[in-house]
$ cat work.cif   # mmCIF, C-alpha atoms (C1' of nucleotides)
data_run
loop_
_atom_site.label_atom_id
_atom_site.label_comp_id
_atom_site.auth_asym_id
_atom_site.auth_seq_id
_atom_site.Cartn_x
_atom_site.Cartn_y
_atom_site.Cartn_z
CA MET A 1 0.00 0.00 0.00
CA VAL A 2 2.84 2.44 0.61
CA GLU A 3 3.57 2.19 -3.13
CA VAL A 4 0.51 4.34 -3.70
CA PHE A 5 2.11 7.08 -1.64
CA GLN A 6 5.46 6.58 -3.37
CA LYS A 7 3.85 6.95 -6.79
CA TYR A 8 1.91 10.00 -5.62
CA LEU A 9 5.11 11.69 -4.40
CA ALA A 10 7.10 10.72 -7.50
CA ASP A 11 4.39 12.27 -9.69
CA LYS A 12 4.75 15.58 -7.89
CA MET A 13 8.38 15.98 -6.94
CA PRO A 14 11.85 14.57 -7.64
CA LEU A 15 12.12 11.46 -5.45
CA SER A 16 15.43 9.65 -5.18
CA ASP A 17 15.70 6.15 -3.68
CA ALA A 18 17.44 7.71 -0.69
CA ASP A 19 14.59 10.22 -0.21
CA TRP A 20 12.01 7.46 -0.42
CA ALA A 21 13.90 5.36 2.11
CA VAL A 22 13.78 8.23 4.62
CA ILE A 23 10.06 8.71 4.01
CA GLU A 24 9.12 5.02 4.00
CA ARG A 25 10.69 4.57 7.41
CA VAL A 26 8.11 6.86 9.06
CA CYS A 27 5.02 5.67 7.17
CA ILE A 28 2.37 3.72 9.06
CA ILE A 29 -0.47 1.96 7.26
CA LYS A 30 -3.85 1.72 8.96
CA LYS A 31 -6.60 -0.43 7.55
CA LEU A 32 -10.09 0.75 8.38
CA ARG A 33 -13.34 -1.13 7.97
CA LYS A 34 -16.43 0.67 6.78
CA ASN A 35 -17.73 2.94 9.59
CA GLN A 36 -14.53 2.56 11.60
CA TYR A 37 -13.16 5.77 13.10
CA LEU A 38 -9.78 7.23 12.23
CA LEU A 39 -10.46 10.09 14.66
CA GLN A 40 -13.21 10.50 17.23
CA GLU A 41 -14.48 13.79 18.62
CA GLY A 42 -12.65 14.64 21.84
CA ASP A 43 -9.43 12.85 20.90
CA VAL A 44 -6.24 14.79 20.20
CA TRP A 45 -5.10 14.24 16.60
CA ARG A 46 -1.39 13.54 16.18
CA TYR A 47 -0.84 12.61 12.52
CA HIS A 48 -0.84 13.59 8.90
CA ALA A 49 -3.05 11.14 7.00
CA PHE A 50 -3.03 10.24 3.30
CA VAL A 51 -5.72 8.03 1.76
CA CYS A 52 -4.20 5.14 -0.22
CA LYS A 53 -7.44 3.33 -0.87
CA GLY A 54 -11.09 3.91 0.00
CA CYS A 55 -12.99 6.97 1.12
CA LEU A 56 -13.26 8.85 4.42
CA ARG A 57 -15.36 11.69 5.70
CA ARG A 58 -14.74 14.33 8.33
CA TYR A 59 -17.84 15.54 10.14
CA SER A 60 -19.08 17.31 13.23
CA ILE A 61 -22.18 16.51 15.27
CA ASP A 62 -24.21 19.47 16.41
CA ALA A 63 -26.13 20.00 19.65
CA LYS A 64 -29.18 18.27 18.14
CA GLY A 65 -27.16 15.22 17.18
CA ILE A 66 -27.17 16.03 13.47
CA GLU A 67 -24.06 15.21 11.45
CA HIS A 68 -22.51 17.87 9.22
CA ILE A 69 -19.95 16.57 6.76
CA LEU A 70 -17.13 19.02 6.21
CA GLN A 71 -14.97 17.02 3.87
CA PHE A 72 -14.70 13.79 1.91
CA SER A 73 -11.27 12.27 1.25
CA CYS A 74 -10.70 9.48 -1.25
CA GLU A 75 -7.56 8.10 -2.91
CA ASN A 76 -4.64 10.52 -3.06
CA TRP A 77 -6.28 13.05 -0.75
CA TRP A 78 -5.08 14.08 2.66
CA THR A 79 -7.24 14.15 5.78
CA GLY A 80 -6.93 15.00 9.45
CA ASP A 81 -7.55 17.87 11.83
CA ARG A 82 -4.74 20.42 11.73
CA ASP A 83 -6.31 22.52 14.47
CA SER A 84 -6.16 19.65 16.97
CA LEU A 85 -2.74 18.65 15.68
CA MET A 86 -1.16 22.09 16.01
CA ASN A 87 -2.81 23.20 19.23
CA LYS A 88 -2.80 19.75 20.84
CA THR A 89 -6.45 20.23 21.72
CA PRO A 90 -9.35 17.74 21.56
CA SER A 91 -10.83 17.62 18.11
CA LYS A 92 -14.35 18.77 17.39
CA TYR A 93 -14.52 16.42 14.45
CA ASN A 94 -14.92 12.74 13.67
CA ILE A 95 -13.23 11.04 10.77
CA ASP A 96 -14.47 7.63 9.68
CA ALA A 97 -14.41 5.38 6.63
CA ILE A 98 -17.34 5.37 4.24
CA GLU A 99 -16.03 2.08 2.82
CA ASP A 100 -13.17 -0.27 3.71
CA SER A 101 -10.06 1.88 3.39
CA SER A 102 -6.27 1.98 3.77
CA VAL A 103 -4.76 5.14 5.18
CA LEU A 104 -1.09 6.03 5.50
CA VAL A 105 -0.32 8.14 8.56
CA ILE A 106 2.86 9.92 9.63
CA ARG A 107 3.41 11.22 13.15
CA ASN A 108 3.74 15.00 13.28
CA GLU A 109 7.34 14.95 14.61
CA ASP A 110 8.38 12.59 11.79
CA PHE A 111 6.52 14.78 9.32
CA GLU A 112 8.37 17.88 10.49
CA MET A 113 11.65 16.02 10.22
CA LEU A 114 10.79 15.12 6.60
CA CYS A 115 10.00 18.77 5.85
CA GLN A 116 13.36 19.82 7.27
CA GLN A 117 15.43 17.11 5.64
CA LEU A 118 13.72 17.09 2.24
CA PRO A 119 13.15 20.56 0.74
CA ALA A 120 11.16 19.10 -2.16
CA PHE A 121 8.82 17.43 0.31
CA ASN A 122 8.47 20.70 2.24
CA ASN A 123 7.65 22.55 -0.97
CA LEU A 124 5.09 19.94 -1.92
CA ILE A 125 3.42 20.19 1.49
CA ASN A 126 3.33 23.98 1.21
CA GLN A 127 1.66 23.70 -2.18
CA ILE A 128 -0.89 21.30 -0.76
CA LEU A 129 -1.59 23.74 2.05
CA PHE A 130 -2.07 26.55 -0.46
CA ARG A 131 -4.43 24.42 -2.53
CA SER A 132 -6.37 23.39 0.57
CA LEU A 133 -6.76 27.01 1.60
CA ASN A 134 -7.82 28.08 -1.87
CA ALA A 135 -10.31 25.23 -2.10
CA SER A 136 -11.72 26.20 1.30
CA GLN A 137 -12.12 29.82 0.26
CA GLU A 138 -13.78 28.79 -2.98
CA ARG A 139 -16.12 26.54 -1.05
CA ILE A 140 -17.07 29.35 1.35
CA ASN A 141 -17.76 31.52 -1.67
CA SER A 142 -20.06 28.96 -3.25
CA THR A 143 -21.74 28.14 0.05
CA ILE A 144 -22.80 31.75 0.73
CA SER A 145 -23.72 32.58 -2.86
CA LEU A 146 -25.41 29.56 -4.45
CA THR A 147 -28.89 28.08 -4.15
CA ALA A 148 -29.25 24.47 -3.01
CA GLU A 149 -29.69 23.32 -6.60
CA GLU A 150 -26.65 25.27 -7.78
CA LYS A 151 -24.61 23.74 -4.95
CA TYR A 152 -25.56 20.24 -6.04
CA LEU A 153 -24.72 20.92 -9.68
CA HIS A 154 -21.41 22.45 -8.64
CA PHE A 155 -20.65 19.37 -6.54
CA ILE A 156 -21.39 16.79 -9.23
CA ASN A 157 -19.43 18.81 -11.79
CA THR A 158 -16.47 19.23 -9.48
CA PHE A 159 -16.45 15.69 -8.05
CA PRO A 160 -18.22 13.43 -10.58
CA LEU A 161 -16.64 10.18 -9.38
CA LEU A 162 -17.20 11.01 -5.73
CA ALA A 163 -20.83 11.92 -6.40
CA ASN A 164 -21.46 8.36 -7.61
CA ARG A 165 -19.58 6.82 -4.74
CA VAL A 166 -20.99 8.28 -1.55
CA PRO A 167 -24.60 7.95 -0.31
CA ARG A 168 -26.99 10.76 -1.24
CA HIS A 169 -27.74 11.59 2.37
CA MET A 170 -24.03 12.24 2.90
CA ILE A 171 -23.89 14.54 -0.10
CA ALA A 172 -26.87 16.38 1.33
CA SER A 173 -25.07 16.77 4.65
CA TYR A 174 -21.92 18.04 2.90
CA LEU A 175 -24.02 20.61 1.03
CA GLY A 176 -25.85 21.73 4.15
CA ILE A 177 -29.32 20.62 2.98
CA THR A 178 -31.64 17.75 3.94
CA PRO A 179 -31.82 14.42 2.06
CA GLU A 180 -35.42 15.18 1.10
CA THR A 181 -34.44 18.50 -0.45
CA LEU A 182 -31.62 16.83 -2.40
CA SER A 183 -34.04 14.17 -3.61
CA ARG A 184 -36.44 16.84 -4.88
CA ILE A 185 -33.61 18.72 -6.58
CA LYS A 186 -32.47 15.57 -8.38
CA GLY A 187 -36.06 14.90 -9.43
CA ASN A 188 -36.44 18.43 -10.79
CA LEU A 189 -33.18 18.19 -12.72
CA SER A 190 -34.25 14.88 -14.27
CA LYS A 191 -37.59 16.35 -15.28
CA ASN A 192 -35.98 19.37 -16.90
CA LYS A 193 -33.46 17.29 -18.76
CA GLN A 194 -36.19 15.49 -20.69
CA MET B 195 2.73 53.37 9.02
CA VAL B 196 5.31 50.62 8.58
CA GLU B 197 5.83 50.79 12.36
CA VAL B 198 2.49 49.01 12.73
CA PHE B 199 3.92 46.11 10.76
CA GLN B 200 7.18 46.24 12.72
CA LYS B 201 5.33 46.04 16.02
CA TYR B 202 3.12 43.22 14.71
CA LEU B 203 6.18 41.19 13.71
CA ALA B 204 8.05 41.94 16.93
CA ASP B 205 5.05 40.70 18.92
CA LYS B 206 5.16 37.37 17.14
CA MET B 207 8.79 36.54 16.44
CA PRO B 208 12.32 37.58 17.38
CA LEU B 209 13.08 40.64 15.23
CA SER B 210 16.58 42.10 15.19
CA ASP B 211 17.35 45.52 13.72
CA ALA B 212 19.09 43.75 10.85
CA ASP B 213 16.04 41.60 10.17
CA TRP B 214 13.77 44.61 10.22
CA ALA B 215 16.05 46.49 7.83
CA VAL B 216 15.78 43.66 5.31
CA ILE B 217 11.99 43.59 5.64
CA GLU B 218 11.45 47.34 5.63
CA ARG B 219 13.31 47.61 2.33
CA VAL B 220 10.63 45.63 0.48
CA CYS B 221 7.55 47.16 2.16
CA ILE B 222 5.27 49.38 0.11
CA ILE B 223 2.52 51.44 1.72
CA LYS B 224 -0.69 52.05 -0.21
CA LYS B 225 -3.29 54.49 1.04
CA LEU B 226 -6.82 53.70 -0.04
CA ARG B 227 -9.85 55.94 0.16
CA LYS B 228 -13.19 54.48 1.13
CA ASN B 229 -14.56 52.37 -1.77
CA GLN B 230 -11.20 52.39 -3.57
CA TYR B 231 -10.10 49.03 -4.98
CA LEU B 232 -6.96 47.21 -3.90
CA LEU B 233 -7.79 44.43 -6.37
CA GLN B 234 -10.40 44.33 -9.12
CA GLU B 235 -11.92 41.20 -10.61
CA GLY B 236 -9.99 40.17 -13.71
CA ASP B 237 -6.67 41.58 -12.57
CA VAL B 238 -3.75 39.29 -11.64
CA TRP B 239 -2.81 39.72 -7.98
CA ARG B 240 0.93 40.02 -7.29
CA TYR B 241 1.32 40.88 -3.60
CA HIS B 242 0.96 39.93 0.01
CA ALA B 243 -1.08 42.61 1.76
CA PHE B 244 -1.20 43.53 5.46
CA VAL B 245 -3.74 46.03 6.83
CA CYS B 246 -2.03 48.72 8.92
CA LYS B 247 -5.11 50.86 9.36
CA GLY B 248 -8.72 50.71 8.24
CA CYS B 249 -10.87 47.87 6.99
CA LEU B 250 -11.13 46.04 3.67
CA ARG B 251 -13.42 43.42 2.25
CA ARG B 252 -12.93 40.74 -0.37
CA TYR B 253 -16.02 39.87 -2.38
CA SER B 254 -17.23 38.24 -5.54
CA ILE B 255 -20.07 39.36 -7.78
CA ASP B 256 -22.36 36.63 -9.07
CA ALA B 257 -24.09 36.32 -12.45
CA LYS B 258 -27.01 38.38 -11.16
CA GLY B 259 -24.72 41.19 -10.03
CA ILE B 260 -25.10 40.40 -6.34
CA GLU B 261 -22.07 40.88 -4.10
CA HIS B 262 -20.98 38.06 -1.78
CA ILE B 263 -18.46 39.10 0.84
CA LEU B 264 -15.99 36.34 1.57
CA GLN B 265 -13.79 38.10 4.07
CA PHE B 266 -13.29 41.28 6.06
CA SER B 267 -9.74 42.42 6.95
CA CYS B 268 -9.05 45.13 9.48
CA GLU B 269 -5.90 46.16 11.36
CA ASN B 270 -3.26 43.43 11.70
CA TRP B 271 -5.03 41.08 9.27
CA TRP B 272 -3.72 39.94 5.93
CA THR B 273 -5.65 40.10 2.69
CA GLY B 274 -5.18 39.21 -0.95
CA ASP B 275 -5.94 36.40 -3.37
CA ARG B 276 -3.45 33.55 -3.10
CA ASP B 277 -5.07 31.65 -5.97
CA SER B 278 -4.44 34.47 -8.43
CA LEU B 279 -1.01 35.09 -6.91
CA MET B 280 0.19 31.49 -7.14
CA ASN B 281 -1.35 30.56 -10.48
CA LYS B 282 -0.83 33.98 -12.08
CA THR B 283 -4.46 33.92 -13.18
CA PRO B 284 -7.07 36.71 -13.23
CA SER B 285 -8.77 37.00 -9.87
CA LYS B 286 -12.44 36.25 -9.41
CA TYR B 287 -12.54 38.62 -6.47
CA ASN B 288 -12.59 42.29 -5.70
CA ILE B 289 -10.91 43.83 -2.68
CA ASP B 290 -11.83 47.34 -1.66
CA ALA B 291 -11.74 49.60 1.39
CA ILE B 292 -14.81 49.95 3.58
CA GLU B 293 -13.24 53.05 5.10
CA ASP B 294 -10.08 55.08 4.41
CA SER B 295 -7.25 52.60 4.93
CA SER B 296 -3.48 52.09 4.82
CA VAL B 297 -2.24 48.77 3.48
CA LEU B 298 1.32 47.48 3.42
CA VAL B 299 2.06 45.30 0.41
CA ILE B 300 5.09 43.18 -0.46
CA ARG B 301 5.75 41.80 -3.93
CA ASN B 302 5.67 38.03 -4.06
CA GLU B 303 9.32 37.66 -5.16
CA ASP B 304 10.42 39.90 -2.26
CA PHE B 305 8.18 37.94 0.08
CA GLU B 306 9.74 34.64 -1.00
CA MET B 307 13.19 36.13 -0.48
CA LEU B 308 12.18 37.12 3.06
CA CYS B 309 10.94 33.59 3.74
CA GLN B 310 14.24 32.15 2.56
CA GLN B 311 16.50 34.62 4.34
CA LEU B 312 14.56 34.84 7.61
CA PRO B 313 13.51 31.47 9.05
CA ALA B 314 11.53 33.13 11.83
CA PHE B 315 9.54 35.04 9.22
CA ASN B 316 8.95 31.84 7.26
CA ASN B 317 7.72 30.09 10.40
CA LEU B 318 5.40 32.98 11.20
CA ILE B 319 3.97 32.92 7.67
CA ASN B 320 3.42 29.15 7.93
CA GLN B 321 1.58 29.64 11.21
CA ILE B 322 -0.58 32.31 9.62
CA LEU B 323 -1.39 29.94 6.77
CA PHE B 324 -2.35 27.21 9.21
CA ARG B 325 -4.59 29.59 11.12
CA SER B 326 -6.19 30.84 7.93
CA LEU B 327 -6.90 27.29 6.85
CA ASN B 328 -8.32 26.34 10.24
CA ALA B 329 -10.49 29.47 10.29
CA SER B 330 -11.76 28.63 6.80
CA GLN B 331 -12.64 25.09 7.80
CA GLU B 332 -14.37 26.31 10.93
CA ARG B 333 -16.33 28.80 8.86
CA ILE B 334 -17.42 26.12 6.38
CA ASN B 335 -18.56 24.03 9.34
CA SER B 336 -20.65 26.84 10.77
CA THR B 337 -22.01 27.83 7.37
CA ILE B 338 -23.41 24.36 6.61
CA SER B 339 -24.65 23.63 10.12
CA LEU B 340 -26.09 26.83 11.62
CA THR B 341 -29.37 28.69 11.09
CA ALA B 342 -29.23 32.31 9.93
CA GLU B 343 -29.80 33.51 13.50
CA GLU B 344 -27.07 31.23 14.87
CA LYS B 345 -24.69 32.52 12.18
CA TYR B 346 -25.33 36.11 13.23
CA LEU B 347 -24.83 35.34 16.92
CA HIS B 348 -21.63 33.46 16.09
CA PHE B 349 -20.41 36.42 14.06
CA ILE B 350 -21.03 39.08 16.73
CA ASN B 351 -19.50 36.86 19.41
CA THR B 352 -16.44 36.11 17.28
CA PHE B 353 -15.93 39.63 15.88
CA PRO B 354 -17.61 42.07 18.31
CA LEU B 355 -15.59 45.10 17.22
CA LEU B 356 -16.00 44.34 13.53
CA ALA B 357 -19.73 43.86 13.97
CA ASN B 358 -20.02 47.46 15.12
CA ARG B 359 -17.80 48.77 12.40
CA VAL B 360 -19.12 47.46 9.10
CA PRO B 361 -22.58 48.20 7.63
CA ARG B 362 -25.32 45.69 8.39
CA HIS B 363 -25.93 44.92 4.73
CA MET B 364 -22.29 43.86 4.45
CA ILE B 365 -22.60 41.58 7.46
CA ALA B 366 -25.67 40.05 5.82
CA SER B 367 -23.70 39.48 2.61
CA TYR B 368 -20.84 37.87 4.57
CA LEU B 369 -23.32 35.55 6.29
CA GLY B 370 -25.05 34.63 3.04
CA ILE B 371 -28.45 36.12 3.97
CA THR B 372 -30.37 39.23 2.87
CA PRO B 373 -30.32 42.55 4.76
CA GLU B 374 -34.04 42.17 5.45
CA THR B 375 -33.54 38.79 7.06
CA LEU B 376 -30.70 40.14 9.20
CA SER B 377 -32.89 43.05 10.27
CA ARG B 378 -35.66 40.68 11.33
CA ILE B 379 -33.17 38.49 13.22
CA LYS B 380 -31.83 41.49 15.11
CA GLY B 381 -35.38 42.55 15.92
CA ASN B 382 -36.26 39.08 17.22
CA LEU B 383 -33.12 38.95 19.36
CA SER B 384 -33.95 42.35 20.86
CA LYS B 385 -37.49 41.26 21.62
CA ASN B 386 -36.37 38.03 23.30
CA LYS B 387 -33.79 39.80 25.38
CA GLN B 388 -36.43 41.83 27.15
"C1'" DA C 389 -28.53 74.50 5.38
"C1'" DA C 390 -30.54 71.87 1.79
"C1'" DA C 391 -30.56 68.14 -1.30
"C1'" DG C 392 -29.32 63.68 -2.36
"C1'" DA C 393 -27.64 59.16 -1.20
"C1'" DT C 394 -27.27 55.43 1.83
"C1'" DC C 395 -28.68 52.55 5.54
"C1'" DC C 396 -32.04 50.10 7.93
"C1'" DT C 397 -36.55 48.52 9.20
"C1'" DT C 398 -41.14 46.88 8.38
"C1'" DG C 399 -45.21 44.87 5.93
"C1'" DA C 400 -47.09 41.78 2.64
"C1'" DC C 401 -46.48 38.07 -0.13
"C1'" DA C 402 -43.66 34.35 -2.65
"C1'" DA C 403 -40.32 30.81 -2.85
"C1'" DA C 404 -37.18 27.64 -0.93
"C1'" DT C 405 -36.25 24.46 2.36
"C1'" DA C 406 -37.24 21.75 6.61
"C1'" DT C 407 -40.03 18.47 9.10
"C1'" DC C 408 -42.72 14.48 9.61
"C1'" DA C 409 -44.62 10.36 7.97
"C1'" DA C 410 -44.97 6.57 4.99
"C1'" DG C 411 -43.57 3.15 1.83
"C1'" DG C 412 -40.81 0.66 -1.74
"C1'" DG C 413 -36.41 -1.21 -3.15
"C1'" DA C 414 -31.69 -2.58 -2.36
"C1'" DA C 415 -28.11 -3.97 0.56
"C1'" DT C 416 -26.59 -6.23 4.62
"C1'" DT C 417 -26.79 -9.47 8.33
"C1'" DC C 418 -28.08 -13.69 10.38
"C1'" DG D 419 -33.40 -17.46 2.05
"C1'" DA D 420 -35.49 -14.56 5.50
"C1'" DA D 421 -35.26 -10.77 8.41
"C1'" DT D 422 -33.41 -6.50 9.28
"C1'" DT D 423 -31.38 -2.28 8.12
"C1'" DC D 424 -30.40 1.29 5.16
"C1'" DC D 425 -31.29 4.28 1.30
"C1'" DC D 426 -34.20 7.07 -1.26
"C1'" DT D 427 -38.44 9.13 -2.79
"C1'" DT D 428 -42.85 11.32 -2.26
"C1'" DG D 429 -46.77 13.85 -0.12
"C1'" DA D 430 -48.44 17.17 3.07
"C1'" DT D 431 -47.53 20.80 6.01
"C1'" DA D 432 -44.62 24.15 8.65
"C1'" DT D 433 -40.90 27.25 8.93
"C1'" DT D 434 -37.37 30.06 7.24
"C1'" DT D 435 -35.75 33.10 4.10
"C1'" DG D 436 -36.16 35.95 -0.13
"C1'" DT D 437 -38.46 39.60 -2.85
"C1'" DC D 438 -40.65 43.87 -3.50
"C1'" DA D 439 -42.15 48.17 -1.93
"C1'" DA D 440 -42.27 51.94 1.12
"C1'" DG D 441 -40.72 55.12 4.44
"C1'" DG D 442 -37.86 57.14 8.23
"C1'" DA D 443 -33.25 58.18 9.99
"C1'" DT D 444 -28.58 59.16 9.21
"C1'" DC D 445 -24.75 60.41 6.53
"C1'" DT D 446 -22.59 62.69 2.66
"C1'" DT D 447 -22.25 66.05 -0.82
"C1'" DT D 448 -23.12 70.45 -2.67
#
$ encode --input "work.cif" --output "structure tokens"
Amino acid sequence: MVEVFQKYLADKMPLSDADWAVIERVCIIKKLRKNQYLLQEGDVWRYHAFVCKGCLRRYSIDAKGIEHILQFSCENWWTGDRDSLMNKTPSKYNIDAIEDSSVLVIRNEDFEMLCQQLPAFNNLINQILFRSLNASQERINSTISLTAEEKYLHFINTFPLLANRVPRHMIASYLGITPETLSRIKGNLSKNKQ
Amino acid sequence: MVEVFQKYLADKMPLSDADWAVIERVCIIKKLRKNQYLLQEGDVWRYHAFVCKGCLRRYSIDAKGIEHILQFSCENWWTGDRDSLMNKTPSKYNIDAIEDSSVLVIRNEDFEMLCQQLPAFNNLINQILFRSLNASQERINSTISLTAEEKYLHFINTFPLLANRVPRHMIASYLGITPETLSRIKGNLSKNKQ
DNA sequence: AAAGATCCTTGACAAATATCAAGGGAATTC
DNA sequence: GAATTCCCTTGATATTTGTCAAGGATCTTT
């Protein structure tokens, strides 16, 4: 499974055998069954996590017990809770597997060592941070400016494979609408397409 | 005006006279009048911008001509468009001043030089990035999980000074609701407080 | 000081979305 | 294979929010 990570890195940065040896040494593979937690609310998160296979979701549970999905992560995406990681505070989020998954995790101290020893790795991580931030800002923009229907269309255009892979009620949660509303939107779109 | 930036840096990292001399050399101060643009949609953004005095907002305009405010930035906050900056693409956003303001900008190539020459500066910038990302994620979470009233309460609790400083219709835009809805929410909250 | 522009609130009505309930089909578990 | 669970859709109704219009207060410009 670590080969997935190796290929991912090699696609994005120069990766010598020596570099890979340093990285491989600190990689830990976790296999998760469907519905199994990677992180539970209240725990302190201590890793950087890369999805080798499968799909995860990060969500919060509000005072009424309703789940709100903040993020999906499938192959080649990163997941975790940087706030808990950096501040060493209990996380407000849960991360669990939507299907059986394999996740590669690296402890934060090992990760920082990699960033110091391997400038190309550090640059890659900085780029990923930038892209994460930009994606977050773009998502805020679409969340405050689009109707529910526009949000759904934006989602299926942006993540077509994901849209066919996760349950509709989870997509609804991610979009901040109810499953019934999403069902009606899909019905309306089908009607108009004919 | 650059002293504001100097004090901000000194509060957050060790800052020798030599360090400050290197930084001061690449600082540019821009004075903006109320409503004057720092960035206009379609332009390519080329700076990192720090607000020394005043208040700015970053917003998009949708297909119907409606403004959606993504972010406010007042004293000691950073602003800009990293997507446009990094990809050298035309920005989808506008940034303008809500009141007369002074903004310190640094060209990206100078900024990168500072990050390379001054490790403490680089660390500070990384921390700021982390905090920006965490704040964005937290905002997405609250945007998909809270009612309009809860959003407003969250906003005035999180940014009490800002809430008294920017027009209500801009707060409504930032929260993704209409000014009329915000007015009714405020009225309801006043009624319930009695 | 007056005129004009902007901000904000309120009323009436419309539209979008949520809530609740029910039921059918598919997937999962035993 | 049967029972159970989960997923999804649909109908009816309630609630929240948006739209449009109007008017008063405040701020800005002349």
$ interface_residues --input "work.cif" --of "chain D" --to "chain A" --cutoff "9 Å" --atoms "all atoms listed in the file" --output "PyMOL selection string"
chain D and resi 425-428
$ interface_residues --input "work.cif" --of "chain A" --to "chain B" --cutoff "9 Å" --atoms "only C-alpha atoms" --output "PyMOL selection string"
chain A and resi 59-60+62+66-70+81-83+86+126+129-134+136-137+139-141+143-146+173-177
$ interface_residues --input "work.cif" --of "chain C" --to "chain A" --cutoff "12 Å" --atoms "only C-alpha atoms (C1' of nucleotides)" --output "PDB file with C-alpha atoms (C1' of nucleotides), keeping the file's coordinate frame"
ATOM      1  C1'  DA C 403     -40.320  30.810  -2.850  1.00  0.00           C
ATOM      2  C1'  DA C 404     -37.180  27.640  -0.930  1.00  0.00           C
ATOM      3  C1'  DT C 405     -36.250  24.460   2.360  1.00  0.00           C
ATOM      4  C1'  DA C 406     -37.240  21.750   6.610  1.00  0.00           C
ATOM      5  C1'  DT C 407     -40.030  18.470   9.100  1.00  0.00           C
ATOM      6  C1'  DC C 408     -42.720  14.480   9.610  1.00  0.00           C
TER       7       DC C 408
END
$ closest_residue --input "work.cif" --among "B:Gln310, B:Ser384, B:Gln234, B:Thr352" --to "Asp290 (chain B)" --atoms "all atoms listed in the file"
B:Gln234
$ atom_distance --input "work.cif" --atom1 "CA of Cys268 (chain B)" --atom2 "CA of Glu293 (chain B)"
10.0 Å
$ atom_distance --input "work.cif" --atom1 "CA of His48 (chain A)" --atom2 "CA of Arg107 (chain A)"
6.5 Å
$ atom_distance --input "work.cif" --atom1 "CA of Ser296 (chain B)" --atom2 "CA of Arg359 (chain B)"
16.5 Å
$ decode --input "work.cif" --residues "region 373-377 of chain B" --atoms "all heavy atoms" --output "mmCIF file, in the first residue's frame"
data_model
loop_
_atom_site.group_PDB
_atom_site.id
_atom_site.type_symbol
_atom_site.label_atom_id
_atom_site.label_comp_id
_atom_site.auth_asym_id
_atom_site.auth_seq_id
_atom_site.Cartn_x
_atom_site.Cartn_y
_atom_site.Cartn_z
ATOM 1 N N PRO B 373 -30.256 41.525 3.713
ATOM 2 C CA PRO B 373 -30.324 42.548 4.761
ATOM 3 C C PRO B 373 -31.657 42.538 5.517
ATOM 4 O O PRO B 373 -31.696 42.804 6.728
ATOM 5 C CB PRO B 373 -30.145 43.860 3.986
ATOM 6 C CG PRO B 373 -29.414 43.457 2.756
ATOM 7 C CD PRO B 373 -29.903 42.087 2.417
ATOM 8 N N GLU B 374 -32.730 42.208 4.777
ATOM 9 C CA GLU B 374 -34.042 42.167 5.453
ATOM 10 C C GLU B 374 -34.090 41.049 6.485
ATOM 11 O O GLU B 374 -34.608 41.228 7.598
ATOM 12 C CB GLU B 374 -35.164 41.943 4.425
ATOM 13 C CG GLU B 374 -35.371 43.121 3.473
ATOM 14 C CD GLU B 374 -34.569 42.980 2.196
ATOM 15 O OE1 GLU B 374 -33.506 42.318 2.218
ATOM 16 O OE2 GLU B 374 -35.001 43.527 1.174
ATOM 17 N N THR B 375 -33.562 39.891 6.108
ATOM 18 C CA THR B 375 -33.535 38.787 7.056
ATOM 19 C C THR B 375 -32.705 39.144 8.279
ATOM 20 O O THR B 375 -33.111 38.885 9.415
ATOM 21 C CB THR B 375 -32.969 37.516 6.380
ATOM 22 O OG1 THR B 375 -33.860 37.109 5.350
ATOM 23 C CG2 THR B 375 -32.781 36.393 7.378
ATOM 24 N N LEU B 376 -31.542 39.763 8.062
ATOM 25 C CA LEU B 376 -30.697 40.142 9.198
ATOM 26 C C LEU B 376 -31.426 41.130 10.097
ATOM 27 O O LEU B 376 -31.367 41.018 11.328
ATOM 28 C CB LEU B 376 -29.381 40.739 8.703
ATOM 29 C CG LEU B 376 -28.405 41.163 9.795
ATOM 30 C CD1 LEU B 376 -28.121 40.010 10.747
ATOM 31 C CD2 LEU B 376 -27.106 41.676 9.195
ATOM 32 N N SER B 377 -32.142 42.073 9.480
ATOM 33 C CA SER B 377 -32.888 43.052 10.266
ATOM 34 C C SER B 377 -33.938 42.374 11.137
ATOM 35 O O SER B 377 -34.114 42.726 12.309
ATOM 36 C CB SER B 377 -33.543 44.046 9.320
ATOM 37 O OG SER B 377 -33.749 45.273 9.960
#
